[in-house]
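Scroll down for the structure; my scribbles are underneath it.
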Amino acid sequence: MAKGPYSETVMDHFMNPRNMGEIEDANGVGEVGNPACGDVMKIFLKIDDNNIVEDVKFKTFGCGAAIASSSMATELMIGKSVEELLQLTNDAIVDALGGLPPAKIHCSVMAEEAIEDALRNFYKSKGKDDSIVDEMKAKITKEN
Ligand code: FES
């Protein structure tokens, strides 16, 4: 294959996105938009009673790097705990994709933000305050 700026993994996830779609009975939905490029990413989470990701799907209206980032993010999220989701940074997504061109890093940042937004909405749907997410993030930063 001709060598472009994208890794084969990025191309693969762009051409055959994993876990694309919606979850009807999702208990956490996150949405972010990037005003600069106009792209929008939505993440649907189904978290079980043990706080483990049972299912995750995404819908992204955006560039190829955003689609590949969302697809890879969902693969990395399945079976993870809520705490582990918060450690899923855009760097981890970019690494798993085999890199992204510098101008496309922001596309992976959208995935990280969409995950956090979905988690906030997960706690809100349980009638809790989403500041719990900030507390968990602060704890993770301290531990690392
Ligand atoms: Fe907007 Fe990629 S250019 S998310």
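Chains: A, B, ... in order of the structure tokens. Residues: from 1 per chain. Ligands: from 1, in order shown.
Taking only C-alpha atoms and all ligand atoms into account, the protein and nucleic acid residues that come at most 10 Å from ligand 1 are Gly33, Asn34, Pro35, Ala36, Cys37, Gly38, Asp39, Val40, Met41, Thr60, Phe61, Gly62, Cys63, Gly64, Ala65, Ala66, Ile67, Ala68, Ser69, Ala103, Lys104, Ile105, His106, Cys107, Ser108, Val109, Met110 and Ala111 of chain A.
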Can you tell me which residues surround A:Pro17 at a distance of at most 10 Å, considering only C-alpha atoms, apart from same-chain residues fewer than 5 positions away, and format the answer as a list in words? Val10, Met11, Asp12, Phe58, Ile67, Ala68, Ser69, Ser70, Ser71, Met72 and Thr74 of chain A
Report the residues of stretch 11-44 of chain A whose backbone DSSP state falls under strand (DSSP E), written as a PyMOL selection string. chain A and resi 28-33+40-44
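Using only C-alpha atoms, the nearest neighbour of A:Val32 within the list A:Glu8, A:Phe14, A:Asp117, A:Ile47 is A:Asp117.
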Using only C-alpha atoms, determine which residues lie at most 12 Å from A:Leu85, disregarding the query and same-chain residues fewer than 2 positions distant; provide the list as an NGL selection string. :A and (45 or 47 or 51-53 or 56 or 73-83 or 87-90 or 92-93 or 111-120 or 133 or 136-137 or 140)
Which residues in chain A does DSSP call alpha helix (DSSP H)? List them as a VMD selection string. chain A and resid 8 to 15 64 to 77 82 to 86 90 to 96 105 to 125 131 to 143
